[in-house]
$ cat final-v3.csv   # CSV, C-alpha atoms and all ligand atoms
chain,number,residue,atom,x,y,z
A,1,MET,CA,163.4,26.1,93.8
A,2,SER,CA,163.1,22.3,93.6
A,3,PHE,CA,160.5,20.7,91.2
A,4,SER,CA,158.5,19.1,94.1
A,5,ARG,CA,158.2,22.6,95.8
A,6,MET,CA,157.1,24.2,92.6
A,7,ALA,CA,154.5,21.5,92.1
A,8,LEU,CA,152.9,22.4,95.4
A,9,THR,CA,153.0,26.2,94.9
A,10,VAL,CA,151.3,26.5,91.5
A,11,PRO,CA,148.1,24.8,92.5
A,12,ALA,CA,148.0,26.7,95.8
A,13,PHE,CA,148.3,30.0,93.8
A,14,ALA,CA,145.6,29.0,91.4
A,15,VAL,CA,143.2,28.1,94.3
A,16,MET,CA,143.8,31.5,95.9
A,17,LEU,CA,143.2,33.2,92.6
A,18,MET,CA,139.9,31.4,92.2
A,19,LEU,CA,138.8,32.2,95.7
A,20,ALA,CA,139.6,35.8,95.1
A,21,PHE,CA,137.5,35.9,91.9
A,22,ALA,CA,134.7,34.1,93.7
A,23,ALA,CA,134.7,36.6,96.5
A,24,LEU,CA,134.6,39.5,94.0
A,25,GLY,CA,131.8,37.9,92.1
A,26,LEU,CA,129.8,37.6,95.3
A,27,THR,CA,130.5,41.1,96.6
A,28,ALA,CA,130.2,43.2,93.4
A,29,PRO,CA,126.4,42.9,93.0
A,30,ALA,CA,126.0,43.8,96.7
A,31,ALA,CA,128.1,46.9,96.4
A,32,GLN,CA,126.2,47.8,93.2
A,33,ALA,CA,122.9,47.4,95.0
A,34,GLN,CA,124.1,49.5,97.9
A,35,SER,CA,125.3,52.4,95.7
A,36,SER,CA,122.0,52.5,93.7
A,37,GLU,CA,120.1,52.4,96.9
A,38,GLN,CA,122.0,55.4,98.2
A,39,THR,CA,121.5,57.3,94.9
A,40,SER,CA,117.8,56.7,94.9
A,41,ALA,CA,117.5,57.5,98.6
A,42,SER,CA,119.4,60.8,98.2
A,43,SER,CA,117.4,61.7,95.1
A,44,GLN,CA,114.2,61.2,97.1
A,45,GLY,CA,115.3,63.7,99.8
A,46,PRO,CA,114.3,63.7,103.5
A,47,GLN,CA,111.1,61.9,104.2
A,48,GLY,CA,108.9,62.8,107.0
A,49,GLY,CA,111.5,65.2,108.4
A,50,ALA,CA,114.1,62.4,108.6
A,51,VAL,CA,117.4,62.6,106.8
A,52,PRO,CA,118.0,59.4,104.8
A,53,GLY,CA,121.0,57.1,105.4
A,54,GLU,CA,120.8,57.2,109.2
A,55,SER,CA,123.4,60.0,109.2
A,56,LEU,CA,123.4,62.7,111.8
A,57,GLY,CA,120.4,64.8,111.7
A,58,THR,CA,116.9,63.3,111.8
A,59,THR,CA,113.7,65.1,112.7
A,60,GLY,CA,115.7,67.0,115.3
A,61,SER,CA,117.8,68.8,112.7
A,62,ALA,CA,114.6,69.9,110.9
A,63,ASP,CA,113.5,71.5,114.1
A,64,GLN,CA,116.8,73.2,114.5
A,65,TRP,CA,116.7,74.7,111.1
A,66,ARG,CA,113.1,75.8,111.7
A,67,ALA,CA,114.3,77.6,114.9
A,68,ILE,CA,117.2,79.2,113.0
A,69,ARG,CA,114.8,80.3,110.3
A,70,ASP,CA,112.6,81.8,113.0
A,71,GLY,CA,115.5,83.9,114.3
A,72,LEU,CA,117.1,81.7,117.0
A,73,GLN,CA,119.9,83.5,118.6
A,74,GLY,CA,123.2,81.8,119.3
A,75,SER,CA,126.0,83.3,121.2
A,76,VAL,CA,129.0,85.3,120.0
A,77,SER,CA,131.9,86.8,121.8
A,78,ILE,CA,132.2,90.0,119.6
A,79,PRO,CA,130.3,93.1,120.8
A,80,ASP,CA,127.7,93.0,118.0
A,81,LYS,CA,125.3,90.5,119.5
A,82,LYS,CA,123.0,90.8,116.4
A,83,SER,CA,125.5,88.7,114.5
A,84,ALA,CA,124.5,85.7,116.7
A,85,ILE,CA,121.4,85.4,114.6
A,86,LEU,CA,121.9,83.5,111.4
A,87,ILE,CA,118.6,84.3,109.7
A,88,GLN,CA,116.4,87.3,110.5
A,89,SER,CA,113.3,86.4,108.5
A,90,GLY,CA,111.8,89.9,109.2
A,91,GLY,CA,114.2,91.2,106.6
A,92,GLU,CA,112.3,89.3,103.9
A,93,ASN,CA,108.9,90.5,105.2
A,94,TRP,CA,110.3,94.1,105.3
A,95,ARG,CA,111.5,93.8,101.7
A,96,SER,CA,108.3,92.3,100.3
A,97,ILE,CA,106.1,95.0,102.1
A,98,ARG,CA,108.4,97.8,100.9
A,99,ASN,CA,108.6,96.5,97.3
A,100,GLY,CA,105.0,95.4,97.2
A,101,PRO,CA,102.1,97.2,98.9
A,102,LEU,CA,104.1,100.2,100.1
A,103,MET,CA,105.2,101.1,96.5
A,104,THR,CA,101.8,100.2,95.0
A,105,TYR,CA,99.6,102.0,97.4
A,106,GLY,CA,102.1,104.8,97.8
A,107,SER,CA,102.0,105.5,94.0
A,108,TRP,CA,98.2,105.4,94.1
A,109,LEU,CA,98.2,107.8,97.0
A,110,LEU,CA,100.3,110.4,95.3
A,111,LEU,CA,98.8,110.0,91.8
A,112,GLY,CA,95.3,109.9,93.4
A,113,THR,CA,96.0,113.2,95.2
A,114,ILE,CA,97.2,114.9,92.1
A,115,ILE,CA,94.2,113.6,90.1
A,116,LEU,CA,91.8,114.7,92.8
A,117,LEU,CA,93.3,118.2,93.0
A,118,ALA,CA,93.2,118.5,89.2
A,119,LEU,CA,89.6,117.4,89.2
A,120,PHE,CA,88.8,119.9,92.0
A,121,TYR,CA,90.4,122.6,89.9
A,122,LEU,CA,88.5,121.7,86.8
A,123,LEU,CA,85.1,121.5,88.6
A,124,ARG,CA,85.4,124.3,91.2
A,125,GLY,CA,88.0,126.5,89.5
A,126,ARG,CA,90.1,129.0,91.4
A,127,ILE,CA,88.6,130.4,94.5
A,128,ARG,CA,88.3,134.0,93.6
A,129,LEU,CA,88.1,137.2,95.7
A,130,GLU,CA,84.4,137.7,95.6
A,131,LYS,CA,84.5,141.5,96.1
A,132,GLY,CA,87.8,142.0,94.2
A,133,PRO,CA,90.8,143.7,95.8
A,134,SER,CA,90.1,146.6,98.2
A,135,GLY,CA,93.5,148.2,97.8
A,136,ILE,CA,94.0,148.1,101.6
A,137,ARG,CA,96.7,145.7,102.9
A,138,ILE,CA,96.7,143.8,106.1
A,139,GLU,CA,99.8,142.2,107.6
A,140,ARG,CA,99.2,138.5,108.1
A,141,PHE,CA,102.6,136.9,108.7
A,142,GLY,CA,105.8,138.7,110.0
A,143,ALA,CA,109.3,138.1,108.8
A,144,LEU,CA,110.1,135.5,111.4
A,145,GLU,CA,107.0,133.5,110.6
A,146,ARG,CA,107.7,133.6,106.9
A,147,SER,CA,111.3,132.7,107.3
A,148,VAL,CA,110.4,129.7,109.5
A,149,HIS,CA,107.7,128.7,107.0
A,150,TRP,CA,110.0,128.8,104.0
A,151,MET,CA,112.8,127.1,105.8
A,152,THR,CA,110.5,124.2,106.6
A,153,ALA,CA,108.8,124.2,103.2
A,154,VAL,CA,112.1,124.1,101.2
A,155,SER,CA,113.5,121.4,103.5
A,156,PHE,CA,110.3,119.4,103.2
A,157,ILE,CA,110.3,119.6,99.4
A,158,LEU,CA,114.0,118.5,99.2
A,159,LEU,CA,113.3,115.6,101.7
A,160,ALA,CA,110.2,114.6,99.7
A,161,LEU,CA,112.0,114.5,96.3
A,162,THR,CA,115.1,112.6,97.6
A,163,GLY,CA,112.9,110.3,99.6
A,164,ILE,CA,110.7,109.5,96.6
A,165,ASN,CA,113.9,108.8,94.7
A,166,VAL,CA,115.0,106.2,97.3
A,167,LEU,CA,111.7,104.4,96.9
A,168,TRP,CA,111.0,104.6,93.2
A,169,GLY,CA,114.1,106.1,91.6
A,170,ARG,CA,115.5,102.8,90.3
A,171,HIS,CA,112.3,102.1,88.5
A,172,VAL,CA,111.5,105.6,87.2
A,173,LEU,CA,114.7,107.7,87.1
A,174,LEU,CA,117.4,105.1,86.4
A,175,PRO,CA,115.9,104.1,83.0
A,176,VAL,CA,115.7,107.7,82.0
A,177,VAL,CA,119.0,109.2,83.1
A,178,GLY,CA,121.2,106.0,83.0
A,179,PRO,CA,123.3,104.4,85.8
A,180,GLU,CA,126.1,107.0,86.1
A,181,ALA,CA,123.8,110.0,86.5
A,182,PHE,CA,121.4,108.0,88.7
A,183,SER,CA,124.3,107.0,91.0
A,184,VAL,CA,125.5,110.6,91.4
A,185,LEU,CA,121.9,111.8,92.0
A,186,THR,CA,121.1,109.1,94.5
A,187,ILE,CA,124.3,109.4,96.5
A,188,GLY,CA,124.0,113.2,96.5
A,189,GLY,CA,120.3,112.8,97.4
A,190,LYS,CA,121.1,110.6,100.3
A,191,TYR,CA,123.4,113.3,101.8
A,192,VAL,CA,120.8,116.0,101.1
A,193,HIS,CA,118.1,113.9,102.8
A,194,ASN,CA,120.3,113.3,105.9
A,195,PHE,CA,121.5,116.9,106.3
A,196,VAL,CA,118.3,118.8,105.3
A,197,ALA,CA,116.4,116.8,107.9
A,198,PHE,CA,117.9,119.1,110.6
A,199,PRO,CA,116.5,122.4,109.3
A,200,PHE,CA,113.2,120.6,108.7
A,201,MET,CA,113.1,119.4,112.3
A,202,LEU,CA,114.0,122.9,113.6
A,203,GLY,CA,111.4,124.4,111.3
A,204,VAL,CA,108.6,122.1,112.6
A,205,LEU,CA,109.6,122.9,116.2
A,206,LEU,CA,109.6,126.7,115.6
A,207,MET,CA,106.3,126.6,113.6
A,208,PHE,CA,104.8,124.7,116.5
A,209,VAL,CA,106.0,127.3,119.0
A,210,LEU,CA,104.9,130.2,116.8
A,211,TRP,CA,101.4,129.0,115.8
A,212,VAL,CA,100.2,126.4,118.4
A,213,GLY,CA,98.2,129.1,120.3
A,214,GLN,CA,96.2,129.9,117.2
A,215,ASN,CA,95.6,126.3,116.2
A,216,ILE,CA,93.6,125.1,119.2
A,217,PRO,CA,90.3,123.7,117.9
A,218,ASN,CA,87.2,125.8,118.6
A,219,ARG,CA,83.5,125.8,117.8
A,220,HIS,CA,84.0,127.9,114.6
A,221,ASP,CA,85.9,124.9,113.2
A,222,LEU,CA,82.8,122.7,113.5
A,223,VAL,CA,80.8,125.2,111.5
A,224,TRP,CA,83.7,125.5,109.0
A,225,PHE,CA,83.8,121.7,108.5
A,226,ALA,CA,80.0,121.5,108.3
A,227,LYS,CA,80.1,123.9,105.4
A,228,GLY,CA,83.0,122.1,103.7
A,229,GLY,CA,85.1,125.2,104.3
A,230,GLY,CA,83.0,127.0,101.7
A,231,MET,CA,85.1,125.3,99.1
A,232,PHE,CA,82.3,123.7,97.2
A,233,SER,CA,80.0,126.7,96.8
A,234,LYS,CA,81.0,130.1,95.3
A,235,HIS,CA,79.4,132.3,97.9
A,236,SER,CA,79.9,130.5,101.2
A,237,HIS,CA,82.5,131.9,103.6
A,238,PRO,CA,82.3,130.2,106.9
A,239,PRO,CA,83.6,132.3,109.8
A,240,ALA,CA,87.2,131.8,110.9
A,241,ARG,CA,89.8,133.3,113.1
A,242,LYS,CA,93.5,133.4,112.1
A,243,PHE,CA,93.5,129.7,111.0
A,244,ASN,CA,90.4,127.9,109.8
A,245,GLY,CA,89.5,124.2,110.5
A,246,GLY,CA,91.3,123.0,107.3
A,247,GLN,CA,94.5,125.0,108.2
A,248,LYS,CA,94.4,123.5,111.7
A,249,ILE,CA,94.4,120.0,110.1
A,250,ILE,CA,97.5,121.0,108.1
A,251,PHE,CA,99.1,122.5,111.2
A,252,TRP,CA,98.6,119.4,113.4
A,253,ALA,CA,99.6,117.1,110.5
A,254,VAL,CA,102.8,119.0,110.2
A,255,ALA,CA,103.5,119.2,113.9
A,256,LEU,CA,102.6,115.6,114.9
A,257,GLY,CA,103.6,114.0,111.5
A,258,GLY,CA,106.8,116.1,111.6
A,259,LEU,CA,107.6,114.8,115.1
A,260,SER,CA,107.0,111.2,114.1
A,261,LEU,CA,108.9,111.5,110.9
A,262,SER,CA,111.8,113.0,112.8
A,263,LEU,CA,111.9,110.2,115.4
A,264,SER,CA,111.7,107.4,112.9
A,265,GLY,CA,114.2,109.3,110.7
A,266,LEU,CA,116.7,109.7,113.5
A,267,ALA,CA,116.4,106.0,114.4
A,268,LEU,CA,117.3,105.2,110.7
A,269,MET,CA,120.1,107.8,110.5
A,270,PHE,CA,121.8,106.5,113.6
A,271,PRO,CA,121.2,102.7,113.2
A,272,PHE,CA,121.0,100.8,116.4
A,273,GLU,CA,122.2,103.8,118.4
A,274,PHE,CA,118.9,104.8,120.0
A,275,GLY,CA,115.7,103.1,119.0
A,276,LEU,CA,113.8,106.3,119.8
A,277,TRP,CA,110.9,105.3,117.6
A,278,ALA,CA,111.1,101.7,118.6
A,279,LYS,CA,110.9,102.8,122.2
A,280,THR,CA,107.9,105.0,121.4
A,281,PHE,CA,106.2,101.9,119.9
A,282,ALA,CA,107.2,99.8,122.9
A,283,PHE,CA,105.8,102.5,125.2
A,284,LEU,CA,102.5,102.6,123.3
A,285,ASN,CA,102.6,98.8,123.2
A,286,ILE,CA,101.5,98.7,119.6
A,287,PHE,CA,104.3,96.7,118.1
A,288,GLY,CA,106.5,96.7,121.2
A,289,ALA,CA,104.6,93.8,122.7
A,290,GLY,CA,105.3,91.6,119.7
A,291,LEU,CA,109.0,92.4,119.3
A,292,PRO,CA,111.1,89.3,119.8
A,293,GLU,CA,113.7,89.9,122.4
A,294,ALA,CA,116.2,87.9,120.3
A,295,VAL,CA,116.6,90.6,117.6
A,296,PRO,CA,117.5,93.8,119.3
A,297,GLY,CA,117.5,96.6,116.8
A,298,VAL,CA,116.9,94.8,113.5
A,299,THR,CA,113.2,94.5,113.8
A,300,GLU,CA,113.0,98.1,115.1
A,301,MET,CA,115.0,99.3,112.1
A,302,GLN,CA,112.6,97.6,109.7
A,303,LEU,CA,109.5,99.0,111.5
A,304,SER,CA,111.1,102.5,111.6
A,305,ASN,CA,111.8,102.3,107.9
A,306,LEU,CA,108.3,101.2,106.9
A,307,TRP,CA,106.7,103.7,109.3
A,308,HIS,CA,109.0,106.5,108.0
A,309,SER,CA,108.0,105.7,104.4
A,310,ILE,CA,104.3,105.4,105.0
A,311,LEU,CA,104.1,108.6,107.0
A,312,GLY,CA,106.4,110.5,104.6
A,313,LEU,CA,104.0,109.6,101.7
A,314,VAL,CA,100.9,110.6,103.7
A,315,MET,CA,102.6,113.9,104.5
A,316,ILE,CA,103.5,114.5,100.9
A,317,ALA,CA,99.8,114.0,99.9
A,318,VAL,CA,98.7,116.4,102.6
A,319,ILE,CA,101.3,119.0,101.6
A,320,LEU,CA,100.4,118.7,97.9
A,321,ALA,CA,96.9,119.8,98.8
A,322,HIS,CA,98.3,122.6,101.0
A,323,ILE,CA,100.5,123.8,98.1
A,324,TYR,CA,97.6,123.7,95.7
A,325,ILE,CA,95.4,125.9,97.9
A,326,GLY,CA,98.3,128.3,98.7
A,327,THR,CA,99.1,128.9,95.0
A,328,LEU,CA,96.7,127.9,92.2
A,329,GLY,CA,93.6,127.1,94.2
A,330,MET,CA,92.9,130.4,95.9
A,331,GLU,CA,93.4,133.9,94.6
A,332,GLY,CA,95.3,136.1,97.0
A,333,ALA,CA,96.5,133.4,99.4
A,334,PHE,CA,100.2,133.2,98.3
A,335,ALA,CA,100.8,136.8,99.2
A,336,ALA,CA,100.3,135.9,102.9
A,337,MET,CA,103.5,133.9,102.9
A,338,GLY,CA,105.1,135.9,100.0
A,339,SER,CA,105.1,139.5,101.1
A,340,GLY,CA,103.4,138.8,104.4
A,341,TYR,CA,100.5,141.1,103.5
A,342,VAL,CA,97.0,140.2,102.2
A,343,ASP,CA,94.2,142.3,100.8
A,344,GLU,CA,91.6,143.4,103.4
A,345,ASN,CA,88.8,141.9,101.3
A,346,TRP,CA,90.6,138.5,101.2
A,347,ALA,CA,91.1,138.6,104.9
A,348,ARG,CA,87.4,139.5,105.5
A,349,GLU,CA,86.2,136.7,103.2
A,350,HIS,CA,88.4,134.0,104.6
A,351,HIS,CA,89.3,135.0,108.2
A,352,ASN,CA,86.6,137.5,109.2
A,353,ILE,CA,86.7,137.0,113.0
A,354,TRP,CA,90.5,137.4,112.9
A,355,VAL,CA,90.2,140.8,111.1
A,356,GLU,CA,87.5,142.0,113.5
A,357,GLU,CA,89.5,140.9,116.6
A,358,MET,CA,92.7,142.5,115.4
A,359,GLN,CA,91.1,145.7,114.4
A,360,SER,CA,89.1,146.1,117.5
A,361,SER,CA,92.2,145.6,119.8
A,362,SER,CA,93.3,149.3,119.7
A,363,ASP,CA,96.1,148.6,122.1
A,364,LYS,CA,97.9,146.4,119.6
A,365,ALA,CA,98.5,149.0,116.9
A,366,PRO,CA,100.5,148.8,114.7
A,367,ALA,CA,100.3,145.0,114.6
A,368,GLN,CA,99.3,142.1,112.4
A,369,GLY,CA,95.7,142.4,111.1
A,370,GLN,CA,95.9,146.3,111.1
A,371,ALA,CA,94.8,147.8,107.8
A,372,GLN,CA,97.4,149.7,105.8
A,373,PRO,CA,97.0,151.5,102.5
A,374,ALA,CA,98.5,149.5,99.6
A,375,GLU,CA,102.0,150.7,98.4
A,401,LIG,C1,105.6,125.6,97.6
A,401,LIG,C2,105.2,125.2,98.8
A,401,LIG,C3,104.3,126.0,99.8
A,401,LIG,C4,103.5,127.0,99.6
A,401,LIG,C5,103.3,127.8,98.3
A,401,LIG,C6,102.9,127.3,100.8
A,401,LIG,C7,102.0,128.4,101.1
A,401,LIG,C8,101.5,128.7,102.3
A,401,LIG,C9,100.6,129.8,102.5
A,401,LIG,C10,100.2,130.8,101.5
A,401,LIG,C11,100.3,129.8,103.8
A,401,LIG,C12,99.5,130.9,104.5
A,401,LIG,C13,98.0,130.6,104.4
A,401,LIG,C14,97.2,131.7,105.1
A,401,LIG,O1,97.5,132.8,104.9
A,401,LIG,O2,96.4,131.4,105.9
A,401,LIG,C15,100.9,128.7,104.4
A,401,LIG,C16,100.8,128.3,105.7
A,401,LIG,C17,101.3,127.2,106.2
A,401,LIG,N1,102.2,126.3,105.6
A,401,LIG,FE1,102.8,126.4,103.7
A,401,LIG,N2,103.3,126.4,101.8
A,401,LIG,C18,104.2,125.6,101.2
A,401,LIG,C19,104.8,124.5,101.7
A,401,LIG,C20,104.7,124.1,103.0
A,401,LIG,C21,105.3,123.0,103.6
A,401,LIG,C22,106.2,122.0,102.8
A,401,LIG,C23,104.9,122.9,104.9
A,401,LIG,C24,105.2,121.9,105.9
A,401,LIG,C25,105.8,120.8,105.8
A,401,LIG,C26,104.0,124.0,105.1
A,401,LIG,C27,103.4,124.3,106.3
A,401,LIG,C28,102.5,125.3,106.5
A,401,LIG,C29,101.7,125.5,107.7
A,401,LIG,C30,101.8,124.6,108.9
A,401,LIG,C31,101.0,126.7,107.6
A,401,LIG,C32,100.0,127.3,108.6
A,401,LIG,C33,98.7,126.5,108.5
A,401,LIG,C34,98.1,126.8,107.1
A,401,LIG,O3,97.9,127.9,106.7
A,401,LIG,O4,97.7,125.8,106.5
A,401,LIG,N3,103.9,124.7,104.0
A,401,LIG,N4,101.6,128.0,103.4

$ encode --input "final-v3.csv" --output "structure tokens"
Amino acid sequence: MSFSRMALTVPAFAVMLMLAFAALGLTAPAAQAQSSEQTSASSQGPQGGAVPGESLGTTGSADQWRAIRDGLQGSVSIPDKKSAILIQSGGENWRSIRNGPLMTYGSWLLLGTIILLALFYLLRGRIRLEKGPSGIRIERFGALERSVHWMTAVSFILLALTGINVLWGRHVLLPVVGPEAFSVLTIGGKYVHNFVAFPFMLGVLLMFVLWVGQNIPNRHDLVWFAKGGGMFSKHSHPPARKFNGGQKIIFWAVALGGLSLSLSGLALMFPFEFGLWAKTFAFLNIFGAGLPEAVPGVTEMQLSNLWHSILGLVMIAVILAHIYIGTLGMEGAFAAMGSGYVDENWAREHHNIWVEEMQSSSDKAPAQGQAQPAE
């Protein structure tokens, strides 16, 4: 390179360098300002529903998310159309009801029933045979009736215990027995619950067929209720046929409650297969009218679960009272379902019309209600 060319190039390079520095000097504060603006904007978050920075998603995307949160259904090509719902908020409601009021009021219901029965026992004592045993036996329930009763009773008790474990087990049993034993008990309990449901359903159906005729309400029941079933005074024995007013309540609670428990239980056992209980709701238009079309099956499952639990707990409370009166609460009652025979004095004190009707029907001998000497 000649000297004259070099003399031209060096100043030109220097000028370029200076221009470059000047440009940098001008742009750096601007870039700095922009980045700090972005940081402060993003730390402030969306304002008034608008996403900062003019990026995609202004108020419109808040609306979209709100719709998704409300269970908006998109479309999927797989058969399970439920998966087209990103968020089914009902699940959170279901969980908070189950873990909140259901568990709280449920425990009060069961504990309250036990406390009331204990108080009743302390204040009233056992309902005794007023005239003592006569020594004459009367057949009250035949072998078929007792078999059906005990099949239903044993199944119900197993269902109740395993159901209670599903609801409260992790709070009550887990800390006592530890995770390994709790896991075995709960998995086993789930199978017991699922399989024992079938003898229970059969038992409820057979009980209904066997006893519905004797459980139609009649005028004697009104007198029975008016006198509190004679339970609160030592010498009161309101008239009754084979089943008194209180027993009819138990019978109908078992028949209708059993049916409803069965329907909701089947809906849970075969998820989304047949929303029997959901359809019943829809038919009755209780919850059916409010069911969003967008969530076929999921809402129904949640309702079935809550209803199954509430009804199960109410049934347990009713049956606790029934077990009390059939064992500790009343002298001579258990024999009716144990051996099938009761003492004639017991029958006359608690079911006088039944004894008279059975003994006056001479064409029925030998039949239930006929006196026989004690063995
Ligand atoms: C240890 C449990 C149970 C005992 C000791 C028991 C005892 C009895 C007794 C003694 C009777 C006959 C009462 C009479 O002679 O009039 C009876 C009847 C009956 N039981 Fe039970 N029972 C038990 C569990 C159950 C269960 C779990 C159910 C149903 C889920 C049930 C449903 C019935 C029904 C519907 C009747 C006829 C109506 C009545 O007498 O109240 N029982 N039970």

$ closest_residue --input "final-v3.csv" --among "A:Leu173, A:Gly100, A:Gln64, A:Val166" --to "Ile187 (chain A)" --atoms "all atoms listed in the file"
A:Val166

$ residues_near_ligand --input "final-v3.csv" --ligand "ligand LIG 401 (chain A)" --cutoff "7 Å" --atoms "all atoms listed in the file" --output "CSV table (one decimal) with C-alpha atoms, in the frame of the given file"
chain,number,residue,atom,x,y,z
A,140,ARG,CA,99.2,138.5,108.1
A,149,HIS,CA,107.7,128.7,107.0
A,152,THR,CA,110.5,124.2,106.6
A,153,ALA,CA,108.8,124.2,103.2
A,154,VAL,CA,112.1,124.1,101.2
A,156,PHE,CA,110.3,119.4,103.2
A,157,ILE,CA,110.3,119.6,99.4
A,207,MET,CA,106.3,126.6,113.6
A,243,PHE,CA,93.5,129.7,111.0
A,247,GLN,CA,94.5,125.0,108.2
A,248,LYS,CA,94.4,123.5,111.7
A,250,ILE,CA,97.5,121.0,108.1
A,251,PHE,CA,99.1,122.5,111.2
A,254,VAL,CA,102.8,119.0,110.2
A,319,ILE,CA,101.3,119.0,101.6
A,322,HIS,CA,98.3,122.6,101.0
A,323,ILE,CA,100.5,123.8,98.1
A,326,GLY,CA,98.3,128.3,98.7
A,327,THR,CA,99.1,128.9,95.0
A,333,ALA,CA,96.5,133.4,99.4
A,334,PHE,CA,100.2,133.2,98.3
A,335,ALA,CA,100.8,136.8,99.2
A,336,ALA,CA,100.3,135.9,102.9
A,337,MET,CA,103.5,133.9,102.9

$ residues_around --input "final-v3.csv" --residues "Gly71 (chain A)" --least-positions-apart "2" --cutoff "7 Å" --atoms "only C-alpha atoms" --output "list in words"
Ala67, Ile68, Arg69, Gln73, Ile85, Ile87, Gln88 and Ser89 of chain A

$ atom_distance --input "final-v3.csv" --atom1 "CA of Ser77 (chain A)" --atom2 "CA of Ala62 (chain A)"
26.5 Å

$ atom_distance --input "final-v3.csv" --atom1 "CA of Trp168 (chain A)" --atom2 "CA of Leu119 (chain A)"
25.3 Å

$ residues_near_point --input "final-v3.csv" --point "(105.6, 114.9, 107.2)" --cutoff "7 Å" --atoms "all atoms listed in the file" --output "JSON, numbers by chain"
{"A": [254, 257, 258, 261, 311, 312, 315, 316]}

$ write_last_selection --input "final-v3.csv" --atoms "C-alpha atoms" --output "compact mmCIF listing (two decimals), in the coordinates of the input"
# COMPACT_ATOMS: atom_id res chain seq x y z
CA VAL A 254 102.80 119.00 110.20
CA GLY A 257 103.60 114.00 111.50
CA GLY A 258 106.80 116.10 111.60
CA LEU A 261 108.90 111.50 110.90
CA LEU A 311 104.10 108.60 107.00
CA GLY A 312 106.40 110.50 104.60
CA MET A 315 102.60 113.90 104.50
CA ILE A 316 103.50 114.50 100.90

$ residues_around --input "final-v3.csv" --residues "region 213-226 of chain A" --least-positions-apart "2" --cutoff "6 Å" --atoms "all atoms listed in the file" --output "PyMOL selection string"
chain A and resi 211+228-229+238+245+248

$ write_last_selection --input "final-v3.csv" --atoms "C-alpha atoms" --output "short mmCIF file (atom, residue, chain, number, x, y, z; two decimals), in the frame of the given file"
data_model
loop_
_atom_site.label_atom_id
_atom_site.label_comp_id
_atom_site.auth_asym_id
_atom_site.auth_seq_id
_atom_site.Cartn_x
_atom_site.Cartn_y
_atom_site.Cartn_z
CA TRP A 211 101.40 129.00 115.80
CA GLY A 228 83.00 122.10 103.70
CA GLY A 229 85.10 125.20 104.30
CA PRO A 238 82.30 130.20 106.90
CA GLY A 245 89.50 124.20 110.50
CA LYS A 248 94.40 123.50 111.70
#

$ residues_around --input "final-v3.csv" --residues "region 109-114 of chain A" --least-positions-apart "2" --cutoff "8 Å" --atoms "all atoms listed in the file" --output "VMD selection string"
chain A and resid 105 to 107 116 to 118 313 to 314 316 to 317 320 to 321

$ atom_distance --input "final-v3.csv" --atom1 "CA of Glu273 (chain A)" --atom2 "CA of Ser75 (chain A)"
21.0 Å

$ residues_around --input "final-v3.csv" --residues "region 266-272 of chain A" --least-positions-apart "5" --cutoff "7 Å" --atoms "only C-alpha atoms" --output "MDAnalysis selection string"
chainID A and resid 277 297 301 304:305

$ write_last_selection --input "final-v3.csv" --atoms "C-alpha atoms" --output "CSV table (one decimal), in the coordinates of the input"
chain,number,residue,atom,x,y,z
A,277,TRP,CA,110.9,105.3,117.6
A,297,GLY,CA,117.5,96.6,116.8
A,301,MET,CA,115.0,99.3,112.1
A,304,SER,CA,111.1,102.5,111.6
A,305,ASN,CA,111.8,102.3,107.9

$ closest_residue --input "final-v3.csv" --among "A:Arg126, A:His235, A:His308, A:Lys131" --to "Gly265 (chain A)" --atoms "all atoms listed in the file"
A:His308

$ closest_residue --input "final-v3.csv" --among "A:Leu205, A:Gly230, A:Leu210, A:Val148" --to "Ala255 (chain A)" --atoms "all atoms listed in the file"
A:Leu205

$ closest_residue --input "final-v3.csv" --among "A:Trp108, A:Trp354, A:Tyr121, A:Trp65" --to "Met330 (chain A)" --atoms "only C-alpha atoms"
A:Tyr121
